Structures are given as C-alpha cells and as structure tokens.
$ cat run21.cif   # mmCIF, C-alpha atoms
data_run
#
loop_
_atom_site.label_atom_id
_atom_site.label_comp_id
_atom_site.auth_asym_id
_atom_site.auth_seq_id
_atom_site.Cartn_x
_atom_site.Cartn_y
_atom_site.Cartn_z
CA MET V 1 14.65 36.32 35.02
CA THR V 2 14.39 32.54 35.32
CA PRO V 3 14.16 30.30 32.23
CA GLU V 4 10.80 29.50 30.69
CA LEU V 5 8.99 26.61 32.35
CA ARG V 6 8.09 23.88 29.86
CA PHE V 7 6.01 20.75 30.32
CA ALA V 8 6.49 17.21 29.02
CA ARG V 9 4.13 14.26 29.39
CA ALA V 10 5.52 10.90 30.49
CA GLU V 11 4.34 7.58 29.05
CA ASP V 12 1.90 7.11 31.95
CA GLY V 13 0.39 10.60 31.58
CA VAL V 14 2.30 12.35 34.37
CA THR V 15 3.25 15.93 33.46
CA ILE V 16 6.87 16.92 34.14
CA GLY V 17 8.01 20.55 34.45
CA TYR V 18 11.45 21.42 33.08
CA GLN V 19 13.73 24.29 31.96
CA VAL V 20 16.43 24.58 29.28
CA PHE V 21 19.07 27.32 29.21
CA GLY V 22 22.68 27.97 28.17
CA GLN V 23 24.71 26.85 25.18
CA GLY V 24 27.04 23.99 24.37
CA PRO V 25 26.94 20.25 25.13
CA VAL V 26 23.79 19.17 26.97
CA LEU V 27 23.89 18.42 30.70
CA ILE V 28 20.74 17.06 32.37
CA TRP V 29 20.79 17.96 36.09
CA MET V 30 18.58 15.17 37.43
CA PRO V 31 16.42 15.80 40.51
CA SER V 32 15.93 14.46 43.97
CA LEU V 33 13.15 16.29 45.84
CA SER V 34 13.21 19.49 43.83
CA ASN V 35 11.49 22.75 43.04
CA ILE V 36 13.39 24.23 40.12
CA VAL V 37 11.53 27.54 40.22
CA ALA V 38 12.29 28.11 43.91
CA GLN V 39 15.88 26.90 43.51
CA TRP V 40 16.70 29.90 41.31
CA ARG V 41 16.20 32.10 44.40
CA ILE V 42 19.11 30.41 46.21
CA PRO V 43 22.17 32.58 45.45
CA ALA V 44 24.68 29.74 45.31
CA LEU V 45 22.50 27.56 43.07
CA ARG V 46 21.65 30.48 40.79
CA ALA V 47 25.38 31.19 40.43
CA ALA V 48 25.99 27.49 39.67
CA TYR V 49 23.28 27.40 37.01
CA LEU V 50 24.63 30.54 35.34
CA GLY V 51 28.22 29.29 35.61
CA LEU V 52 27.37 25.98 33.95
CA SER V 53 25.33 27.71 31.25
CA ARG V 54 28.38 29.64 30.02
CA HIS V 55 29.69 26.42 28.45
CA LEU V 56 26.81 23.94 28.60
CA THR V 57 23.14 23.66 27.70
CA VAL V 58 21.61 22.88 31.09
CA VAL V 59 18.30 21.07 31.58
CA LEU V 60 16.59 21.10 34.98
CA TYR V 61 13.41 19.21 35.76
CA ASP V 62 11.19 18.31 38.71
CA GLY V 63 10.50 14.64 39.24
CA ARG V 64 6.90 13.43 39.51
CA GLY V 65 5.17 14.61 42.65
CA THR V 66 7.53 17.54 43.17
CA GLY V 67 7.94 21.18 42.19
CA SER V 68 6.16 22.15 38.99
CA SER V 69 5.43 18.55 37.97
CA ASP V 70 2.20 16.66 38.67
CA ARG V 71 1.56 16.33 42.40
CA ALA V 72 -1.35 13.90 42.01
CA ILE V 73 0.58 10.70 41.38
CA ASP V 74 0.54 7.02 42.27
CA LEU V 75 2.58 6.90 45.48
CA THR V 76 3.16 3.17 44.99
CA ASP V 77 4.97 3.81 41.70
CA LEU V 78 8.12 5.76 42.59
CA GLY V 79 10.80 3.23 41.76
CA VAL V 80 13.54 3.61 39.18
CA ASP V 81 11.22 2.83 36.25
CA ALA V 82 8.99 5.78 37.14
CA HIS V 83 12.01 8.10 37.35
CA LEU V 84 13.20 6.83 33.97
CA ARG V 85 9.83 7.72 32.46
CA ASP V 86 10.28 11.29 33.72
CA LEU V 87 13.76 11.56 32.21
CA ARG V 88 12.69 10.15 28.83
CA ALA V 89 9.73 12.51 28.70
CA VAL V 90 11.96 15.55 29.18
CA LEU V 91 14.57 14.39 26.66
CA ASP V 92 11.98 13.57 24.01
CA HIS V 93 9.93 16.74 24.48
CA ALA V 94 13.07 18.91 24.34
CA GLY V 95 14.28 17.06 21.21
CA ILE V 96 17.49 15.92 22.91
CA ARG V 97 18.84 12.70 21.46
CA ARG V 98 22.06 12.43 23.49
CA ALA V 99 23.22 14.16 26.68
CA SER V 100 25.43 13.95 29.74
CA LEU V 101 23.75 13.28 33.08
CA LEU V 102 24.39 14.86 36.47
CA GLY V 103 23.02 12.31 38.92
CA TYR V 104 22.54 14.10 42.23
CA TYR V 105 21.70 12.19 45.43
CA HIS V 106 18.41 10.35 44.73
CA SER V 107 18.93 10.38 40.96
CA VAL V 108 22.35 8.64 40.92
CA ALA V 109 20.68 5.24 40.57
CA THR V 110 18.36 6.55 37.84
CA ALA V 111 21.33 7.88 35.87
CA ILE V 112 23.08 4.51 36.09
CA ALA V 113 19.95 2.62 34.99
CA PHE V 114 19.36 4.95 32.03
CA ALA V 115 22.99 4.69 30.89
CA ALA V 116 22.79 0.88 31.09
CA ARG V 117 19.46 0.55 29.29
CA GLU V 118 19.90 3.28 26.66
CA PRO V 119 23.67 3.62 26.13
CA GLY V 120 23.24 5.49 22.85
CA ARG V 121 21.62 8.42 24.64
CA VAL V 122 24.26 9.05 27.34
CA GLU V 123 27.51 10.85 26.60
CA ARG V 124 28.99 11.06 30.10
CA MET V 125 27.85 10.93 33.73
CA VAL V 126 28.74 13.00 36.79
CA LEU V 127 27.55 11.25 39.96
CA PHE V 128 27.37 12.86 43.40
CA GLY V 129 25.84 11.89 46.72
CA GLY V 130 24.12 8.61 45.90
CA ALA V 131 24.70 4.94 45.24
CA PRO V 132 23.40 2.17 42.94
CA ARG V 133 21.92 0.55 46.05
CA MET V 134 20.26 3.63 47.48
CA ARG V 135 19.89 2.15 50.95
CA GLU V 136 23.69 2.46 51.33
CA ALA V 137 23.55 6.21 50.77
CA MET V 138 20.69 6.54 53.27
CA ARG V 139 22.23 4.38 56.01
CA PRO V 140 24.26 6.90 58.09
CA ALA V 141 22.67 7.77 61.44
CA GLN V 142 22.48 11.49 60.69
CA THR V 143 20.55 10.83 57.49
CA GLN V 144 18.18 8.45 59.27
CA ALA V 145 17.56 11.05 61.98
CA LEU V 146 16.74 13.63 59.33
CA LEU V 147 14.39 11.28 57.45
CA SER V 148 12.51 10.52 60.67
CA LEU V 149 11.34 14.16 60.68
CA VAL V 150 9.55 13.88 57.34
CA GLY V 151 6.34 12.47 58.76
CA GLN V 152 6.59 14.25 62.12
CA ASP V 153 7.15 17.86 61.10
CA TRP V 154 7.61 18.75 57.42
CA GLY V 155 8.68 22.33 58.16
CA LEU V 156 11.28 21.19 60.67
CA PHE V 157 12.59 18.66 58.15
CA ALA V 158 13.05 21.44 55.57
CA ASP V 159 14.94 23.64 58.03
CA ALA V 160 17.11 20.76 59.25
CA ALA V 161 17.86 19.58 55.72
CA ALA V 162 19.03 23.05 54.76
CA THR V 163 21.09 23.87 57.84
CA ALA V 164 22.10 20.83 59.90
CA TRP V 165 22.53 18.35 57.04
CA LEU V 166 23.57 20.44 54.04
CA GLY V 167 25.33 23.06 56.14
CA TRP V 168 23.71 26.14 54.60
CA ASP V 169 23.88 29.20 56.82
CA ARG V 170 20.89 31.06 58.24
CA ALA V 171 21.23 34.02 55.93
CA ALA V 172 19.47 34.29 52.58
CA SER V 173 20.86 31.01 51.22
CA GLY V 174 19.69 29.00 54.20
CA ARG V 175 16.21 30.54 54.22
CA TRP V 176 15.70 30.08 50.50
CA THR V 177 17.06 26.52 50.61
CA ALA V 178 14.66 25.59 53.40
CA GLU V 179 11.82 27.20 51.44
CA ALA V 180 12.76 25.22 48.32
CA PHE V 181 12.60 21.98 50.33
CA ARG V 182 9.35 23.00 52.02
CA THR V 183 7.58 23.83 48.74
CA ALA V 184 9.07 20.95 46.73
CA THR V 185 6.31 18.55 47.72
CA THR V 186 4.17 17.33 50.62
CA ALA V 187 5.17 15.11 53.51
CA PRO V 188 3.22 12.05 52.22
CA VAL V 189 4.87 12.29 48.79
CA ALA V 190 8.30 12.75 50.37
CA GLN V 191 7.76 9.74 52.61
CA ALA V 192 6.80 7.67 49.58
CA TRP V 193 9.85 8.94 47.65
CA PHE V 194 12.24 7.96 50.43
CA ALA V 195 10.55 4.62 51.09
CA ALA V 196 10.79 3.75 47.40
CA ALA V 197 14.41 4.95 47.27
CA ALA V 198 15.38 2.54 50.04
CA GLU V 199 14.32 -0.32 47.76
CA ILE V 200 16.11 0.88 44.60
CA ASP V 201 19.05 -1.30 43.58
CA VAL V 202 20.58 -1.01 40.10
CA SER V 203 23.93 -2.58 40.99
CA ASP V 204 23.32 -5.47 38.57
CA GLU V 205 23.06 -2.97 35.71
CA MET V 206 26.41 -1.28 36.35
CA PRO V 207 28.53 -3.62 34.16
CA ARG V 208 26.43 -2.62 31.11
CA VAL V 209 27.19 1.11 31.47
CA ARG V 210 29.48 2.30 28.67
CA ALA V 211 29.46 6.05 29.34
CA PRO V 212 32.53 7.46 31.12
CA ALA V 213 31.63 8.51 34.66
CA LEU V 214 33.07 11.03 37.10
CA VAL V 215 32.20 10.13 40.70
CA LEU V 216 32.58 13.03 43.14
CA HIS V 217 32.69 12.88 46.93
CA ARG V 218 32.81 15.68 49.47
CA GLN V 219 30.55 14.57 52.31
CA SER V 220 31.73 13.94 55.84
CA GLU V 221 31.49 10.42 57.24
CA GLU V 222 28.26 11.37 59.05
CA GLN V 223 26.46 11.89 55.74
CA ILE V 224 27.78 9.55 53.05
CA PRO V 225 31.01 7.67 53.80
CA VAL V 226 33.65 7.82 51.08
CA GLU V 227 33.64 4.00 50.86
CA VAL V 228 30.17 4.20 49.28
CA CYS V 229 31.52 6.36 46.45
CA ARG V 230 34.65 4.24 46.09
CA ARG V 231 32.49 1.14 45.55
CA LEU V 232 30.37 3.07 43.06
CA ALA V 233 33.40 4.10 41.01
CA ALA V 234 34.91 0.61 41.20
CA GLY V 235 31.68 -0.98 39.96
CA LEU V 236 31.42 1.07 36.77
CA PRO V 237 33.50 -0.02 33.73
CA ASP V 238 34.87 3.47 33.02
CA ALA V 239 34.79 5.69 36.10
CA ARG V 240 37.09 8.03 37.99
CA LEU V 241 36.64 9.04 41.61
CA VAL V 242 37.63 12.52 42.75
CA GLU V 243 37.52 13.20 46.49
CA LEU V 244 36.92 16.93 46.80
CA PRO V 245 38.35 19.04 49.62
CA GLY V 246 35.89 20.21 52.26
CA SER V 247 32.97 18.61 54.04
CA THR V 248 29.83 20.44 52.90
CA PRO V 249 27.76 17.68 51.27
CA THR V 250 26.84 19.48 48.07
CA LEU V 251 28.41 20.80 44.88
CA PHE V 252 29.03 24.41 43.84
CA VAL V 253 28.92 25.84 47.39
CA GLU V 254 32.15 25.23 49.31
CA GLU V 255 34.50 25.43 46.29
CA PRO V 256 32.15 26.75 43.57
CA GLU V 257 34.67 27.78 40.92
CA ALA V 258 36.69 24.58 41.27
CA ASP V 259 33.50 22.48 41.09
CA LEU V 260 32.32 24.34 37.99
CA ARG V 261 35.67 23.81 36.24
CA LEU V 262 35.66 20.13 37.13
CA VAL V 263 32.12 19.40 35.95
CA THR V 264 32.31 21.60 32.84
CA GLY V 265 35.66 20.18 31.78
CA PHE V 266 34.47 16.60 32.10
CA VAL V 267 31.18 17.17 30.29
CA THR V 268 32.72 19.12 27.40
CA ASP V 269 35.70 16.90 26.60
CA GLY V 270 36.17 14.26 29.30
CA ARG V 271 38.93 16.26 30.99
CA VAL V 272 39.32 15.74 34.75
CA SER V 273 41.19 18.54 36.50
CA ARG V 274 41.79 17.09 39.93
CA PRO V 275 41.54 19.85 42.54
CA PRO V 276 44.67 20.32 44.66
CA SER V 277 44.55 18.90 48.17
CA ARG V 278 44.75 21.45 50.95
CA PRO V 279 47.88 21.02 53.04
CA ALA V 280 47.45 20.86 56.79
CA GLY V 281 47.00 24.31 58.25
CA LEU V 282 45.51 25.86 55.09
CA LEU V 283 42.08 27.02 56.16
CA THR V 284 39.02 28.12 54.21
CA PRO V 285 37.78 31.68 54.79
CA ARG V 286 34.89 30.36 56.92
CA GLU V 287 37.23 28.18 58.98
CA ARG V 288 39.42 31.23 59.61
CA GLU V 289 36.38 33.18 60.83
CA VAL V 290 35.46 30.35 63.20
CA LEU V 291 39.04 30.16 64.45
CA HIS V 292 39.18 33.92 65.10
CA ARG V 293 35.93 33.81 67.07
CA LEU V 294 37.22 30.82 69.00
CA ALA V 295 40.38 32.74 69.90
CA ALA V 296 38.19 35.63 71.07
CA GLY V 297 36.67 33.29 73.66
CA ASP V 298 33.27 32.72 72.01
CA SER V 299 31.35 29.51 72.66
CA ASN V 300 30.07 27.42 69.75
CA ALA V 301 26.62 28.96 70.19
CA GLU V 302 28.07 32.47 70.18
CA ILE V 303 30.13 31.71 67.06
CA ALA V 304 27.01 30.41 65.33
CA ARG V 305 25.07 33.56 66.24
CA GLN V 306 27.89 35.89 65.18
CA LEU V 307 28.39 34.20 61.80
CA GLY V 308 24.73 33.40 61.11
CA ILE V 309 25.27 29.64 60.81
CA ALA V 310 24.02 26.57 62.66
CA VAL V 311 25.83 25.27 65.76
CA HIS V 312 26.18 21.93 63.98
CA THR V 313 27.97 23.73 61.14
CA VAL V 314 30.32 25.42 63.64
CA GLU V 315 31.17 22.00 65.10
CA ARG V 316 31.93 20.66 61.63
CA HIS V 317 34.20 23.62 60.83
CA LEU V 318 36.01 23.12 64.16
CA ALA V 319 36.57 19.42 63.44
CA ASN V 320 38.01 20.29 60.03
CA LEU V 321 40.32 23.03 61.26
CA TYR V 322 41.52 20.92 64.22
CA ARG V 323 42.54 18.24 61.73
CA LYS V 324 44.27 20.72 59.42
CA ILE V 325 46.31 22.46 62.12
CA GLY V 326 46.98 19.35 64.19
CA ALA V 327 45.09 20.66 67.23
CA ARG V 328 43.89 18.28 69.93
CA GLY V 329 41.16 20.67 71.07
CA ARG V 330 40.18 24.27 71.76
CA THR V 331 43.30 25.12 73.75
CA ASP V 332 45.63 24.06 70.93
CA ALA V 333 43.49 25.89 68.39
CA VAL V 334 43.54 29.13 70.39
CA ALA V 335 47.31 28.88 70.76
CA TYR V 336 47.61 28.38 67.01
CA ALA V 337 45.40 31.40 66.33
CA MET V 338 47.49 33.60 68.63
CA THR V 339 50.82 32.70 67.01
CA GLU V 340 50.05 31.81 63.38
CA THR V 341 49.94 34.75 60.97
CA ARG V 342 49.94 33.00 57.62
CA TYR V 343 46.45 32.01 56.46
CA GLU V 344 45.11 31.01 53.10
CA ARG V 345 44.26 34.09 50.97
#
$ encode --input "run21.cif" --output "structure tokens"
Amino acid sequence: MTPELRFARAEDGVTIGYQVFGQGPVLIWMPSLSNIVAQWRIPALRAAYLGLSRHLTVVLYDGRGTGSSDRAIDLTDLGVDAHLRDLRAVLDHAGIRRASLLGYYHSVATAIAFAAREPGRVERMVLFGGAPRMREAMRPAQTQALLSLVGQDWGLFADAAATAWLGWDRAASGRWTAEAFRTATTAPVAQAWFAAAAEIDVSDEMPRVRAPALVLHRQSEEQIPVEVCRRLAAGLPDARLVELPGSTPTLFVEEPEADLRLVTGFVTDGRVSRPPSRPAGLLTPREREVLHRLAAGDSNAEIARQLGIAVHTVERHLANLYRKIGARGRTDAVAYAMTETRYER
C-alpha cells in the first residue's frame, strides 16, 4: 500500500500532489522530475521511504508539470519562484509550520532559496546532487549528452537516465526507474524544466541561510564534480560536506543503510556520523562480482549481460576496483583476483 495522495493548491492555482507518512521530525523530500506514485514501485526507493519513515515524518510531492501535479502549466514560469510556490502550498496544506528539507538535484537551489527567505520554517537541510547556480551541476559532458536526448527521444532519455547516468541495473529496479522517468512528465515540459534550471542562480541568497546544512557527494567526476559540492558547502554559513564512498550518483542505493543513518541522524538531532572510508582493495559486493567475471575471461559486454547491468556501469565498477586494488588494467586485476582471497564481507 502506498500513502494516500493529497492535493494542495499553490498561490497561482496550480494543483500539487503530495504524500505524508511516517512519524517523528518532518523531512520534505523535494522533487526534481518526479512521479511519487510510480517511485514507490522501485524497490530501492520504497526501502528508503520506509527506512526514513521509521524515525521521520516524510513528505513527498511532485513539482508542477510532473507526476500527480497539474500538467497544464505555464512553461515560461518554471524558475525558483514557481518551485517555492509549490513547496509553500504543500507545507501550508499539510499544516507543517517548520521542517527539514532534502534538496535533491534540481531542488537544491529551491531549498537554499526557501531557507534564505523563510528561515523560521527550515530546521535543517540535506543537499545532494545540485548547486546554487544550477548550470554548474548541469555542465559535465555526460549530463549534457543525456539532456540532448530529451527532445529527440523521450523514451530513450528515460532508459539512459535510469541505466547509463544513475547506474541502475536492468532488472526490476532499472525498469521501474525508467518507467518513473517516462511517466513523470512530457518531453516539452522536461525541456522547459531543464532550460529554466540552467538559468537558476541563488548564490547571492546563501549568506542569509541560517539552517544547518549537510552537503553530500557521491557522484563520479563525469556527473557532478566534487568541487561543485565543496563550493556549495563553503558558501553556506553553517554547512558540513561529507564525501560518501562509491560512485553511484544517488542516495540510498549503493550504501543504503549508511545513507539512512546519516540522513536520519542529521535531521533528528544534527548528528553527522561520517561513514568510514574504504581502504584500497576493499571491494563492494558488485565490484567483487565484476572482478570474478573479469577473471573468468568475460568481456565488458558479457559481464553486463551476466549481471543484468549496463556496459557503462561495468566500466564504472572496473574503474573503481582498479583504483582500489592498484591495478593498471585488466591483466593486473585478473592477477589480483587469482591470488587475493580476502574480500569485503
């Protein structure tokens, strides 16, 4: 069972769909392109929602033009002020006076602007995957290549966003993630969202933010360079940056329990439990699987087929494990696999 879908009306008449579930301090998980109903079908996200709800009251909502919210919107009005109207509508309709914000990708800038303009309503912020000047987060070549697909082939964009960019596998999670992207909105709305995002810049508002912030980074350099998040943390008056182990550019997937502890601890009492760094040679379970297939003589394409993941994801796992074990290439990695018997359990 998914939570009841509720509807709030923004100041300009746009209807916003949202859900409330769990118990404890309130955390608003702010959207990018979203479909909160479809997202419950993604096993990893469903587990994250339920994990957070054990200690927090979680609020999810679809921004204007997406998911269960109004699709018939003014495509010229998708800047930060429009996103703030959506957030205020949900807070007011749900009777929430004060909450913590999880700014995720597109909504990082919105979270910063809201905390600066209405400091009495924001307890804490967790920020992941975005920047106050959104163009910086969208600059990497891989992101630009992905965005170029939006107007060309919406279905291909959804598949690529789920597998090549976010690194989801081709099993149930990958299929449901692609479906959530595909049904979140239409290509014209998505194009307008991204075009407006490229013009969003709330960097001048950062000095007025009083809420403590936790800035998280996990992405590889091809997605969002760590320097973007370091500048974000440095520009806020009270912020801490935690660089998470791994390279999958999302939360609650690669290290789900550690991510849940980190976010829940910060939202409930401001505690930051920094995750331990992996020493060289300590591989994730997926990296071990890739290494074993590599040692068996499989090509990258064969490894991808055997494990049900994208070739791009195999390449990323190989780059990570090469770095961890000090391998210069496939030959060194195979030699390591043949002689090393101690792996992370």
$ resolve_selection --input "run21.cif" --expression "the PyMOL selection byres ((chain V and resi 110) around 9)" --output "ChimeraX atom specification"
/V:30,80-81,83-84,87,103,106-109,111-115,132,202
$ resolve_selection --input "run21.cif" --expression "the PyMOL selection byres ((chain V and resi 292) around 12)" --output "number ranges by chain"
V: 283, 285-291, 293-299, 303, 306-307, 318, 321, 330, 333-341, 343
$ resolve_selection --input "run21.cif" --expression "the PyMOL selection byres ((chain V and resi 211) around 7)" --output "PDB file with C-alpha atoms, in the coordinates of the input"
ATOM      1  CA  ALA V 115      22.990   4.690  30.890  1.00  0.00           C
ATOM      2  CA  VAL V 122      24.260   9.050  27.340  1.00  0.00           C
ATOM      3  CA  GLU V 123      27.510  10.850  26.600  1.00  0.00           C
ATOM      4  CA  ARG V 124      28.990  11.060  30.100  1.00  0.00           C
ATOM      5  CA  MET V 125      27.850  10.930  33.730  1.00  0.00           C
ATOM      6  CA  VAL V 209      27.190   1.110  31.470  1.00  0.00           C
ATOM      7  CA  ARG V 210      29.480   2.300  28.670  1.00  0.00           C
ATOM      8  CA  PRO V 212      32.530   7.460  31.120  1.00  0.00           C
ATOM      9  CA  ALA V 213      31.630   8.510  34.660  1.00  0.00           C
TER      10      ALA V 213
END
$ residues_around --input "run21.cif" --residues "region 229-239 of chain V" --least-positions-apart "3" --cutoff "12 Å" --atoms "only C-alpha atoms" --output "NGL selection string"
:V and (105 or 108-109 or 112-113 or 115-116 or 124-134 or 136-137 or 202-219 or 221 or 223-226 or 242-244 or 266 or 270 or 272)
$ closest_residue --input "run21.cif" --among "V:Leu45, V:Thr76, V:Ala190, V:Ala141" --to "Phe157 (chain V)" --atoms "all atoms listed in the file"
V:Ala190
$ build_atoms --input "run21.cif" --residues "region 296-327 of chain V" --atoms "N, CA and C atoms" --output "mmCIF file, keeping the file's coordinate frame"
data_model
loop_
_atom_site.group_PDB
_atom_site.id
_atom_site.type_symbol
_atom_site.label_atom_id
_atom_site.label_comp_id
_atom_site.auth_asym_id
_atom_site.auth_seq_id
_atom_site.Cartn_x
_atom_site.Cartn_y
_atom_site.Cartn_z
ATOM 1 N N ALA V 296 38.753 34.508 70.310
ATOM 2 C CA ALA V 296 38.190 35.630 71.070
ATOM 3 C C ALA V 296 37.417 35.150 72.297
ATOM 4 N N GLY V 297 37.317 33.838 72.473
ATOM 5 C CA GLY V 297 36.670 33.290 73.660
ATOM 6 C C GLY V 297 35.204 32.950 73.472
ATOM 7 N N ASP V 298 34.691 33.004 72.242
ATOM 8 C CA ASP V 298 33.270 32.720 72.010
ATOM 9 C C ASP V 298 32.983 31.227 72.130
ATOM 10 N N SER V 299 31.814 30.899 72.646
ATOM 11 C CA SER V 299 31.350 29.510 72.660
ATOM 12 C C SER V 299 30.859 29.137 71.267
ATOM 13 N N ASN V 300 30.581 27.843 71.061
ATOM 14 C CA ASN V 300 30.070 27.420 69.750
ATOM 15 C C ASN V 300 28.759 28.119 69.410
ATOM 16 N N ALA V 301 27.893 28.276 70.423
ATOM 17 C CA ALA V 301 26.620 28.960 70.190
ATOM 18 C C ALA V 301 26.838 30.422 69.818
ATOM 19 N N GLU V 302 27.791 31.064 70.485
ATOM 20 C CA GLU V 302 28.070 32.470 70.180
ATOM 21 C C GLU V 302 28.677 32.621 68.787
ATOM 22 N N ILE V 303 29.556 31.677 68.404
ATOM 23 C CA ILE V 303 30.130 31.710 67.060
ATOM 24 C C ILE V 303 29.027 31.567 66.014
ATOM 25 N N ALA V 304 28.116 30.626 66.270
ATOM 26 C CA ALA V 304 27.010 30.410 65.330
ATOM 27 C C ALA V 304 26.172 31.677 65.178
ATOM 28 N N ARG V 305 25.882 32.343 66.300
ATOM 29 C CA ARG V 305 25.070 33.560 66.240
ATOM 30 C C ARG V 305 25.813 34.683 65.524
ATOM 31 N N GLN V 306 27.107 34.836 65.802
ATOM 32 C CA GLN V 306 27.890 35.890 65.180
ATOM 33 C C GLN V 306 28.009 35.716 63.673
ATOM 34 N N LEU V 307 28.161 34.461 63.227
ATOM 35 C CA LEU V 307 28.390 34.200 61.800
ATOM 36 C C LEU V 307 27.110 33.848 61.051
ATOM 37 N N GLY V 308 25.988 33.703 61.779
ATOM 38 C CA GLY V 308 24.730 33.400 61.110
ATOM 39 C C GLY V 308 24.659 31.997 60.557
ATOM 40 N N ILE V 309 25.280 31.033 61.253
ATOM 41 C CA ILE V 309 25.270 29.640 60.810
ATOM 42 C C ILE V 309 24.761 28.757 61.937
ATOM 43 N N ALA V 310 24.518 27.502 61.651
ATOM 44 C CA ALA V 310 24.020 26.570 62.660
ATOM 45 C C ALA V 310 25.154 26.107 63.571
ATOM 46 N N VAL V 311 24.819 25.780 64.816
ATOM 47 C CA VAL V 311 25.830 25.270 65.760
ATOM 48 C C VAL V 311 26.460 24.001 65.202
ATOM 49 N N HIS V 312 25.642 23.156 64.583
ATOM 50 C CA HIS V 312 26.180 21.930 63.980
ATOM 51 C C HIS V 312 27.237 22.269 62.929
ATOM 52 N N THR V 313 27.002 23.326 62.157
ATOM 53 C CA THR V 313 27.970 23.730 61.140
ATOM 54 C C THR V 313 29.253 24.241 61.783
ATOM 55 N N VAL V 314 29.133 24.978 62.891
ATOM 56 C CA VAL V 314 30.320 25.420 63.640
ATOM 57 C C VAL V 314 31.140 24.207 64.089
ATOM 58 N N GLU V 315 30.470 23.198 64.627
ATOM 59 C CA GLU V 315 31.170 22.000 65.100
ATOM 60 C C GLU V 315 31.900 21.303 63.957
ATOM 61 N N ARG V 316 31.282 21.295 62.781
ATOM 62 C CA ARG V 316 31.930 20.660 61.630
ATOM 63 C C ARG V 316 33.158 21.455 61.195
ATOM 64 N N HIS V 317 33.037 22.791 61.179
ATOM 65 C CA HIS V 317 34.200 23.620 60.830
ATOM 66 C C HIS V 317 35.325 23.425 61.847
ATOM 67 N N LEU V 318 34.985 23.328 63.132
ATOM 68 C CA LEU V 318 36.010 23.120 64.160
ATOM 69 C C LEU V 318 36.714 21.784 63.967
ATOM 70 N N ALA V 319 35.950 20.733 63.664
ATOM 71 C CA ALA V 319 36.570 19.420 63.440
ATOM 72 C C ALA V 319 37.534 19.478 62.267
ATOM 73 N N ASN V 320 37.141 20.181 61.205
ATOM 74 C CA ASN V 320 38.010 20.290 60.030
ATOM 75 C C ASN V 320 39.274 21.079 60.330
ATOM 76 N N LEU V 321 39.122 22.220 61.029
ATOM 77 C CA LEU V 321 40.320 23.030 61.260
ATOM 78 C C LEU V 321 41.227 22.376 62.301
ATOM 79 N N TYR V 322 40.663 21.662 63.282
ATOM 80 C CA TYR V 322 41.520 20.920 64.220
ATOM 81 C C TYR V 322 42.409 19.932 63.461
ATOM 82 N N ARG V 323 41.775 19.223 62.507
ATOM 83 C CA ARG V 323 42.540 18.240 61.730
ATOM 84 C C ARG V 323 43.640 18.912 60.921
ATOM 85 N N LYS V 324 43.317 20.051 60.298
ATOM 86 C CA LYS V 324 44.270 20.720 59.420
ATOM 87 C C LYS V 324 45.458 21.303 60.180
ATOM 88 N N ILE V 325 45.216 21.825 61.383
ATOM 89 C CA ILE V 325 46.310 22.460 62.120
ATOM 90 C C ILE V 325 46.932 21.541 63.160
ATOM 91 N N GLY V 326 46.417 20.306 63.250
ATOM 92 C CA GLY V 326 46.980 19.350 64.190
ATOM 93 C C GLY V 326 46.632 19.659 65.633
ATOM 94 N N ALA V 327 45.490 20.300 65.865
ATOM 95 C CA ALA V 327 45.090 20.660 67.230
ATOM 96 C C ALA V 327 44.350 19.503 67.879
#
